[in-house]
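The structure under discussion appears below in the form of C-alpha cells.
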Amino acid sequence: MDDLGMDRAISRRDFFDGIAVTAAGCAAGGYASTGIPSLAEPPFRLLGDTAQALAVPHALRDGRFWRYAGPPAHTGETYDLVVAGGGVSGLSAAHEWLRGHPGSRVLVLDNRDEVGGPGPESSGEIRSPSPETEDLLDRLGFPPAPPHHQPAAYDGVMCDAETFGADRLVELGQDWIGGLPLGERARRELRTLHEDPPDWFPGLPAEDKQERLAGLTYSRFLLEICRVHPDVERFCRSLPSREWACDARAFGAIDAWGQGYPGFRGLGLDGGKPSRFNAAGVRRRWDERPARHAPGPALVRALTGRLIHDGELDRPGNRVRVRLSSPVVLARDEGPAAVVGYFDGHEVRTVTAGAVILACPHAFIPYLVPDLPADQRQALRAAVRLPVLEAVVRLRGPGPWRAGRTRWTGAYWCVSELGAPAADGSVTARLYAAPCRSELGPRAGAAAARWELLRTPFEQLERSVRDQLARLLGRAGSDLGVEAVTVHRWGHGVAAGYRRPWDAFHPGGPYPADTARRRFGRIAIAGSDAGAGTGPADSTDAAITAACRAVRELAAAR
C-alpha cells in the first residue's frame with residue numbers, strides 16, 4: 001500500500017456508508033446517534049447513509065425489529081404535520097406546508113445523523129423543472145441557469161487497463177479516435193458510428209424504428225444491430241454511467257438515441273422531438289424551458305435555513321423541529337389523528353400528527369404502514385433505486401494539476417473531475433461510481449451491487465480512489481499529496497425511473513408510481529420515487545414536485 005500513500009497520515013479520512021453492515025442487535029438498543037450538527041458549522045455536508053442509519057430499516061424489513069423494540073412510549077407531543085425523511089422532498093414538504101399553514105407545528109424525522117438525502121454533492125442540473133420546482137427555487141433565491149447552459153462535457157477518455165489491458169488517456173480533440181488503443185477495425189467502426197452511420201433498419205417507418213430501438217439496450221444495439229467489434233461496445237459502455245447510474249447494458253437504445261450517443265444518425269429519425277418511448281428524463285432534452293442549477297448541499301442548506309431560524313434543529317418550542325437519528329418505524333391513521341413512531345436509540349417513541357407525509361424510499365413504506373391495500377404495497381415495493389458513490393479528495397499543491405473531466409471506460413470510478421487549483425495550489429478531485437451490475441438489468445443489478453458494497457471494506461474504496469488518481473496524473477509510485485478523503489456511498493441511491501426495454505408499460509402506463517403514491521387517509525406519500533417516469537437525471541425535480549403534490553392532497557382532505 002506504500003506506493004499509493006495508504007500508510008501516510010492525512011488530516012481527514014471519512015467514509016459515509018450507505019450500506020448497513022448488520023442489522024442484528026439494532027432493535028435491542030444498539031442504534032445510536034452520532035450527533036446533531038449545527039447549521040453554523042461549515043461546511044454543510046451531505047452524508048451518505050451509515051450502517052446505523054440503515055440498521056433499523058433493515059431490521060423492520062427482515063421482521064426482527066418488533067421482537068426486540070418493546071411497546072411504544074408516547075412522548076405527549078402533537079404536531080400539525082410529521083414528515084418522515086429529511087432529504088430534499090421532506091424539507092420541501094415542510095416548507096410548502098408552512099406556506100399554506102404558517103402557524104403550524106411541524107416535525108421532520110430522519111434516520112441519518114445529518115439532513116440531506118442521497119445524491120452526489122456536486123449534482124445540481126435540473127432540466128426542464130416543473131412549475132412547483134421553479135416556484136420553490138425562485139423563493140429560495142436560486143437564479144436561472146445562464147442561457148444555453150449545458151452540463152459539463154468530458155475533456156478526455158481514459159481507456160483503462162480494466163478494459164484494454166493498459167491505461168491510455170485520450171484528449172477529446174481533433175481526430176481523437178485515431179489515438180485510441182483499439183485495433184484498426186474497431187477504430188474504423190467507431191468512426192463510422194460517429195460520422196456516417198448507415199440506416200440499420202432500411203425500409204421501416206420511423207415509428208417502427210423507434211419501437212425496435214425500444215426493445216434493445218444500447219450495448220445490444222451496438223453488438224447485434226451495428227455488429228461492431230466488442231472493443232467498440234466496451235469503449236462506449238460507460239457513456240450513461242455518470243448521469244443514469246448504470247452502464248450501456250442497462251440503458252435503452254432509444255434513450256441512447258435521445259442522448260445523442262453515436263450510431264443513430266443514419267436512421268433518419270426526427271431529432272426535433274422525442275420518441276414516445278423515451279424515458280421522462282431523456283424527453284426533457286427537448287423541453288424549451290431553461291435548466292436550473294441548484295446543487296444538492298446548497299438546496300438543502302437553503303431549505304433548512306428557512307425552516308430553522310436559530311440554528312438548533314430540535315429546539316423545544318420551535319414551530320419546525322428536525323429530529324435526526326430517529327428512523328420512523330410506524331405510521332397509522334387513527335381517524336381523528338395519525339400516530340407516528342420512531343426509534344430514538346433506546347425505545348420506540350410516538351407523536352400525534354394531524355397529517356403525515358412519507359418522503360422516504362417507497363420500498364420501505366409498506367413496513368411502516370402495514371394497513372395499506374395490497375396493490376399499493378406491491379406498487380411501493382416495485383420502486384427501484386440505483387446505488388451511487390462519490391469520492392471527494394483534497395490534494396495539496398503544488399502539483400501537476402490541470403482541471404478537467406475524464407470518463408473511464410471500465411474502472412470502478414467511472415468519472416473523475418479535477419477542479420481548478422486554489423490560491424494555495426491545492427486541488428479538489430471528485431470521482432463518481434455507478435456500481436449497478438448492469439448486465440443483470442436495473443432491478444437485479446442494483447440488488448447485486450448492494451450486496452457487493454456490503455462486502456467492500458472502506459480501505460478498498462480508498463485504495464481504488466488513490467489508484468485511479470495516480471494513474472490519471474501519472475503519479476504511480478509517488479506520493480499524491482492526499483490531505484483528505486471523503487467517500488459517500490448510497491446503496492439505495494437514486495430512483496431508476498421507468499425506461500425501455502425494462503418496463504413494457506412505458507409509455508402510456510398505468511405506472512406503479514400512480515398506485516404507490518395514493519393518499520391513505522391522513523398519510524400522503526412524497527419522495528422522488530413518487531414521480532411516475534422519473535430517473536436519476538431528474539430526481540431533484542421529482543422530489544420537490546411530489547412534496548408539493550402531497551401537501552395539496554392533504555390540504556384538500558382537511
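Letters A, B, ... go to the chains of the C-alpha cells in the order shown; residues in each chain start at 1; ligands are counted from 1 in the same order.
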- Item | Residue neighbourhood Pro197 (chain A), 8 Å, only C-alpha atoms, exclusion window fewer than 2 positions, as an NGL selection string | :A and (192-195 or 199 or 263-266)
Since we have the selection now, will you write its residues out, keeping all heavy atoms, as a PDB file, in the first residue's frame?
ATOM      1  N   THR A 192     -17.182   5.378 -37.964  1.00  0.00           N
ATOM      2  CA  THR A 192     -18.430   5.296 -38.734  1.00  0.00           C
ATOM      3  C   THR A 192     -19.632   5.617 -37.855  1.00  0.00           C
ATOM      4  O   THR A 192     -20.542   6.346 -38.263  1.00  0.00           O
ATOM      5  CB  THR A 192     -18.586   3.896 -39.354  1.00  0.00           C
ATOM      6  OG1 THR A 192     -17.525   3.662 -40.280  1.00  0.00           O
ATOM      7  CG2 THR A 192     -19.922   3.759 -40.075  1.00  0.00           C
ATOM      8  N   LEU A 193     -19.645   5.084 -36.634  1.00  0.00           N
ATOM      9  CA  LEU A 193     -20.751   5.364 -35.726  1.00  0.00           C
ATOM     10  C   LEU A 193     -20.878   6.850 -35.443  1.00  0.00           C
ATOM     11  O   LEU A 193     -21.984   7.392 -35.342  1.00  0.00           O
ATOM     12  CB  LEU A 193     -20.556   4.609 -34.405  1.00  0.00           C
ATOM     13  CG  LEU A 193     -20.679   3.092 -34.440  1.00  0.00           C
ATOM     14  CD1 LEU A 193     -20.366   2.517 -33.057  1.00  0.00           C
ATOM     15  CD2 LEU A 193     -22.067   2.654 -34.889  1.00  0.00           C
ATOM     16  N   HIS A 194     -19.749   7.534 -35.324  1.00  0.00           N
ATOM     17  CA  HIS A 194     -19.769   8.963 -35.010  1.00  0.00           C
ATOM     18  C   HIS A 194     -20.058   9.825 -36.227  1.00  0.00           C
ATOM     19  O   HIS A 194     -20.776  10.830 -36.127  1.00  0.00           O
ATOM     20  CB  HIS A 194     -18.423   9.389 -34.413  1.00  0.00           C
ATOM     21  CG  HIS A 194     -18.322   9.178 -32.935  1.00  0.00           C
ATOM     22  ND1 HIS A 194     -18.745  10.105 -32.016  1.00  0.00           N
ATOM     23  CD2 HIS A 194     -17.841   8.129 -32.213  1.00  0.00           C
ATOM     24  CE1 HIS A 194     -18.530   9.646 -30.786  1.00  0.00           C
ATOM     25  NE2 HIS A 194     -17.982   8.454 -30.877  1.00  0.00           N
ATOM     26  N   GLU A 195     -19.514   9.460 -37.373  1.00  0.00           N
ATOM     27  CA  GLU A 195     -19.520  10.373 -38.505  1.00  0.00           C
ATOM     28  C   GLU A 195     -20.549  10.028 -39.577  1.00  0.00           C
ATOM     29  O   GLU A 195     -21.172  10.940 -40.145  1.00  0.00           O
ATOM     30  CB  GLU A 195     -18.120  10.423 -39.130  1.00  0.00           C
ATOM     31  CG  GLU A 195     -17.048  10.948 -38.167  1.00  0.00           C
ATOM     32  CD  GLU A 195     -15.656  10.877 -38.756  1.00  0.00           C
ATOM     33  OE1 GLU A 195     -15.512  10.388 -39.908  1.00  0.00           O
ATOM     34  OE2 GLU A 195     -14.700  11.307 -38.071  1.00  0.00           O
ATOM     35  N   ASP A 199     -28.360   3.467 -42.250  1.00  0.00           N
ATOM     36  CA  ASP A 199     -29.699   3.175 -41.755  1.00  0.00           C
ATOM     37  C   ASP A 199     -29.749   1.686 -41.432  1.00  0.00           C
ATOM     38  O   ASP A 199     -29.738   0.843 -42.329  1.00  0.00           O
ATOM     39  CB  ASP A 199     -30.737   3.529 -42.820  1.00  0.00           C
ATOM     40  CG  ASP A 199     -32.168   3.357 -42.321  1.00  0.00           C
ATOM     41  OD1 ASP A 199     -32.358   2.760 -41.239  1.00  0.00           O
ATOM     42  OD2 ASP A 199     -33.089   3.819 -43.012  1.00  0.00           O
ATOM     43  N   GLY A 263     -24.130   6.371 -33.437  1.00  0.00           N
ATOM     44  CA  GLY A 263     -24.678   5.204 -34.111  1.00  0.00           C
ATOM     45  C   GLY A 263     -26.057   5.377 -34.699  1.00  0.00           C
ATOM     46  O   GLY A 263     -26.550   4.473 -35.378  1.00  0.00           O
ATOM     47  N   PHE A 264     -26.729   6.507 -34.485  1.00  0.00           N
ATOM     48  CA  PHE A 264     -28.142   6.620 -34.845  1.00  0.00           C
ATOM     49  C   PHE A 264     -28.431   7.605 -35.969  1.00  0.00           C
ATOM     50  O   PHE A 264     -29.561   7.667 -36.453  1.00  0.00           O
ATOM     51  CB  PHE A 264     -28.945   7.046 -33.608  1.00  0.00           C
ATOM     52  CG  PHE A 264     -28.825   6.103 -32.448  1.00  0.00           C
ATOM     53  CD1 PHE A 264     -27.954   6.375 -31.402  1.00  0.00           C
ATOM     54  CD2 PHE A 264     -29.569   4.935 -32.414  1.00  0.00           C
ATOM     55  CE1 PHE A 264     -27.849   5.508 -30.329  1.00  0.00           C
ATOM     56  CE2 PHE A 264     -29.463   4.061 -31.342  1.00  0.00           C
ATOM     57  CZ  PHE A 264     -28.602   4.340 -30.300  1.00  0.00           C
ATOM     58  N   ARG A 265     -27.458   8.374 -36.392  1.00  0.00           N
ATOM     59  CA  ARG A 265     -27.741   9.460 -37.320  1.00  0.00           C
ATOM     60  C   ARG A 265     -28.339   8.960 -38.627  1.00  0.00           C
ATOM     61  O   ARG A 265     -29.198   9.618 -39.220  1.00  0.00           O
ATOM     62  CB  ARG A 265     -26.465  10.253 -37.585  1.00  0.00           C
ATOM     63  CG  ARG A 265     -26.686  11.553 -38.341  1.00  0.00           C
ATOM     64  CD  ARG A 265     -25.360  12.254 -38.607  1.00  0.00           C
ATOM     65  NE  ARG A 265     -24.595  12.433 -37.391  1.00  0.00           N
ATOM     66  CZ  ARG A 265     -23.319  12.807 -37.359  1.00  0.00           C
ATOM     67  NH1 ARG A 265     -22.676  13.021 -38.500  1.00  0.00           N
ATOM     68  NH2 ARG A 265     -22.686  12.954 -36.211  1.00  0.00           N
ATOM     69  N   GLY A 266     -27.934   7.801 -39.089  1.00  0.00           N
ATOM     70  CA  GLY A 266     -28.415   7.293 -40.370  1.00  0.00           C
ATOM     71  C   GLY A 266     -29.843   6.786 -40.354  1.00  0.00           C
ATOM     72  O   GLY A 266     -30.402   6.475 -41.420  1.00  0.00           O
TER      73      GLY A 266
END
- Task: Give the strand (DSSP E or B) residues of region 241-390 of chain A, as DSSP finds them on the backbone, and put them as a ChimeraX atom specification.
- Result: /A:252,292-293,320-323,328-333,338-343,348-358,385-390
How about saving the chosen residues, N, CA and C atoms kept, as a compact mmCIF listing (two decimals), in the first residue's frame?
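Result saved to result38.txt:
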# COMPACT_ATOMS: atom_id res chain seq x y z
N GLY A 252 -31.41 1.89 -22.33
CA GLY A 252 -32.09 1.58 -23.57
C GLY A 252 -31.50 2.27 -24.78
N ARG A 292 -32.25 24.76 -14.49
CA ARG A 292 -31.90 25.44 -13.25
C ARG A 292 -30.73 24.71 -12.63
N HIS A 293 -29.91 25.46 -11.93
CA HIS A 293 -28.75 24.87 -11.26
C HIS A 293 -28.92 25.06 -9.77
N VAL A 320 -40.86 24.47 13.78
CA VAL A 320 -40.35 23.34 13.00
C VAL A 320 -39.20 22.71 13.77
N ARG A 321 -39.30 21.42 13.97
CA ARG A 321 -38.22 20.68 14.62
C ARG A 321 -37.75 19.56 13.69
N VAL A 322 -36.45 19.39 13.59
CA VAL A 322 -35.85 18.33 12.78
C VAL A 322 -35.13 17.39 13.72
N ARG A 323 -35.59 16.16 13.79
CA ARG A 323 -35.06 15.19 14.75
C ARG A 323 -34.29 14.12 13.98
N VAL A 328 -38.21 6.44 11.39
CA VAL A 328 -39.64 6.17 11.56
C VAL A 328 -39.87 4.68 11.41
N VAL A 329 -40.67 4.12 12.32
CA VAL A 329 -40.94 2.68 12.31
C VAL A 329 -42.42 2.36 12.18
N LEU A 330 -43.29 3.36 12.32
CA LEU A 330 -44.72 3.12 12.12
C LEU A 330 -45.42 4.43 11.82
N ALA A 331 -46.51 4.33 11.04
CA ALA A 331 -47.38 5.46 10.76
C ALA A 331 -48.79 4.90 10.63
N ARG A 332 -49.69 5.36 11.48
CA ARG A 332 -51.07 4.84 11.48
C ARG A 332 -52.05 6.01 11.42
N ASP A 333 -53.07 5.85 10.58
CA ASP A 333 -54.17 6.80 10.55
C ASP A 333 -55.25 6.27 11.48
N ALA A 338 -53.36 11.02 13.36
CA ALA A 338 -52.43 9.96 12.99
C ALA A 338 -51.39 9.80 14.10
N VAL A 339 -50.79 8.62 14.16
CA VAL A 339 -49.74 8.33 15.12
C VAL A 339 -48.49 7.94 14.34
N VAL A 340 -47.37 8.57 14.67
CA VAL A 340 -46.09 8.25 14.04
C VAL A 340 -45.13 7.81 15.13
N GLY A 341 -44.46 6.68 14.90
CA GLY A 341 -43.48 6.18 15.85
C GLY A 341 -42.09 6.17 15.25
N TYR A 342 -41.10 6.50 16.08
CA TYR A 342 -39.70 6.47 15.64
C TYR A 342 -38.86 5.84 16.75
N PHE A 343 -37.70 5.35 16.37
CA PHE A 343 -36.79 4.71 17.33
C PHE A 343 -35.70 5.69 17.70
N VAL A 348 -39.07 2.81 21.11
CA VAL A 348 -39.96 3.43 20.13
C VAL A 348 -40.77 4.50 20.83
N ARG A 349 -40.75 5.69 20.28
CA ARG A 349 -41.50 6.82 20.84
C ARG A 349 -42.48 7.30 19.79
N THR A 350 -43.68 7.68 20.23
CA THR A 350 -44.71 8.08 19.30
C THR A 350 -45.11 9.54 19.51
N VAL A 351 -45.57 10.15 18.42
CA VAL A 351 -46.12 11.51 18.46
C VAL A 351 -47.46 11.48 17.74
N THR A 352 -48.30 12.44 18.04
CA THR A 352 -49.59 12.58 17.38
C THR A 352 -49.47 13.61 16.26
N ALA A 353 -50.10 13.32 15.13
CA ALA A 353 -49.98 14.19 13.97
C ALA A 353 -51.34 14.42 13.33
N GLY A 354 -51.59 15.66 12.93
CA GLY A 354 -52.79 15.94 12.15
C GLY A 354 -52.66 15.42 10.73
N ALA A 355 -51.45 15.37 10.22
CA ALA A 355 -51.18 14.87 8.87
C ALA A 355 -49.76 14.32 8.83
N VAL A 356 -49.52 13.38 7.90
CA VAL A 356 -48.22 12.73 7.78
C VAL A 356 -47.82 12.71 6.31
N ILE A 357 -46.57 13.02 6.04
CA ILE A 357 -46.01 12.87 4.69
C ILE A 357 -44.81 11.94 4.78
N LEU A 358 -44.86 10.86 4.03
CA LEU A 358 -43.76 9.89 3.99
C LEU A 358 -42.90 10.23 2.78
N ARG A 385 -34.23 1.68 -6.78
CA ARG A 385 -33.23 2.72 -6.52
C ARG A 385 -31.84 2.16 -6.84
N LEU A 386 -31.07 2.95 -7.57
CA LEU A 386 -29.75 2.52 -8.01
C LEU A 386 -28.68 3.06 -7.08
N PRO A 387 -27.67 2.24 -6.77
CA PRO A 387 -26.59 2.70 -5.89
C PRO A 387 -25.67 3.68 -6.60
N VAL A 388 -25.18 4.67 -5.86
CA VAL A 388 -24.24 5.65 -6.40
C VAL A 388 -23.19 5.95 -5.33
N LEU A 389 -22.00 6.32 -5.76
CA LEU A 389 -20.92 6.70 -4.87
C LEU A 389 -20.25 7.95 -5.37
N GLU A 390 -19.73 8.73 -4.43
CA GLU A 390 -18.91 9.89 -4.76
C GLU A 390 -17.75 9.94 -3.79
- Task: Please provide the set of residues having any atom within 9 Å of Arg234 (chain A), restricted to only C-alpha atoms, with same-chain residues fewer than 4 positions apart removed, written as a VMD selection string.
- Result: chain A and resid 163 to 164 219 230 238 409 to 410
- Message: From the options A:Arg500, A:Ser241, A:Phe458, A:Arg105, which residue's atoms come nearest to Ser275 (chain A), counting only C-alpha atoms?
- Response: A:Arg500
- Task: Might you pull out every residue within 10 Å of Arg518 (chain A), with only C-alpha atoms counted and same-chain residues fewer than 2 positions away left off, and present them as a list in words?
- Result: Leu372, Gln376, Ala513, Asp514, Thr515, Ala516, Phe520, Gly521, Ile523, Ala524, Ile525, Ala526, Ala530, Ala550 and Glu553 of chain A
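The two atoms in question, CA of Gly441 (chain A) and CA of Gln378 (chain A), are spaced 19.8 Å apart.
For the residues A:Ala93, A:Phe277, A:Arg187, A:Asn111, ranking by smallest atom-to-atom distance to Phe505 (chain A) using only C-alpha atoms places A:Phe277 first.
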- Determine, counting only C-alpha atoms, which protein, DNA and RNA residues have an atom within 9 Å of an atom of region 180-182 of chain A; residues of the same chain fewer than 2 positions away are not included. Present the result as a ChimeraX atom specification. /A:159,164,166-170,176-178,184-187,231-232
What does the file look like for those residues with C-alpha atoms, as a PDB file, in the first residue's frame?
ATOM      1  CA  CYS A 159      -9.057   3.842 -21.954  1.00  0.00           C
ATOM      2  CA  PHE A 164      -7.947  -2.625 -22.717  1.00  0.00           C
ATOM      3  CA  ALA A 166      -3.183  -0.756 -20.272  1.00  0.00           C
ATOM      4  CA  ASP A 167      -4.067   2.852 -19.497  1.00  0.00           C
ATOM      5  CA  ARG A 168      -4.141   5.479 -22.202  1.00  0.00           C
ATOM      6  CA  LEU A 169      -5.627   8.934 -21.629  1.00  0.00           C
ATOM      7  CA  VAL A 170      -7.013  10.375 -24.873  1.00  0.00           C
ATOM      8  CA  TRP A 176      -9.203  11.694 -31.112  1.00  0.00           C
ATOM      9  CA  ILE A 177     -10.391   8.326 -32.401  1.00  0.00           C
ATOM     10  CA  GLY A 178      -7.024   7.797 -34.041  1.00  0.00           C
ATOM     11  CA  GLU A 184      -7.824  -0.812 -36.917  1.00  0.00           C
ATOM     12  CA  ARG A 185     -11.249  -2.415 -37.384  1.00  0.00           C
ATOM     13  CA  ALA A 186     -12.596  -1.085 -34.076  1.00  0.00           C
ATOM     14  CA  ARG A 187     -11.337   2.451 -34.769  1.00  0.00           C
ATOM     15  CA  ASP A 231     -13.933  -3.310 -28.197  1.00  0.00           C
ATOM     16  CA  VAL A 232     -16.255  -0.636 -29.596  1.00  0.00           C
TER      17      VAL A 232
END
- Contacts of region 380-384 of chain A within 10 Å, only C-alpha atoms, excl. fewer than 3 positions in-chain, as a count of residues only: 32
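From CA of Val56 (chain A) back to CA of Pro71 (chain A), the distance works out to 15.6 Å.
The nearest approach to Leu395 (chain A) among the residues A:Glu483, A:Glu417, A:Glu77, A:Glu114, with only C-alpha atoms taken into account, belongs to A:Glu483.
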- Residues of region 138-243 of chain A in helix (DSSP H, G or I), written as an MDAnalysis selection string: chainID A and resid 138:140 161:164 176:179 184:195 206:214 218:225 230:236 241:243
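Picture a line from CA of Asp175 (chain A) to CA of Arg402 (chain A); it runs 21.6 Å.
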- Item | Selected residue of minimal separation from Tyr432 (chain A) among A:Trp244, A:Trp451, A:Trp502, A:Phe221, counting only C-alpha atoms | A:Trp244
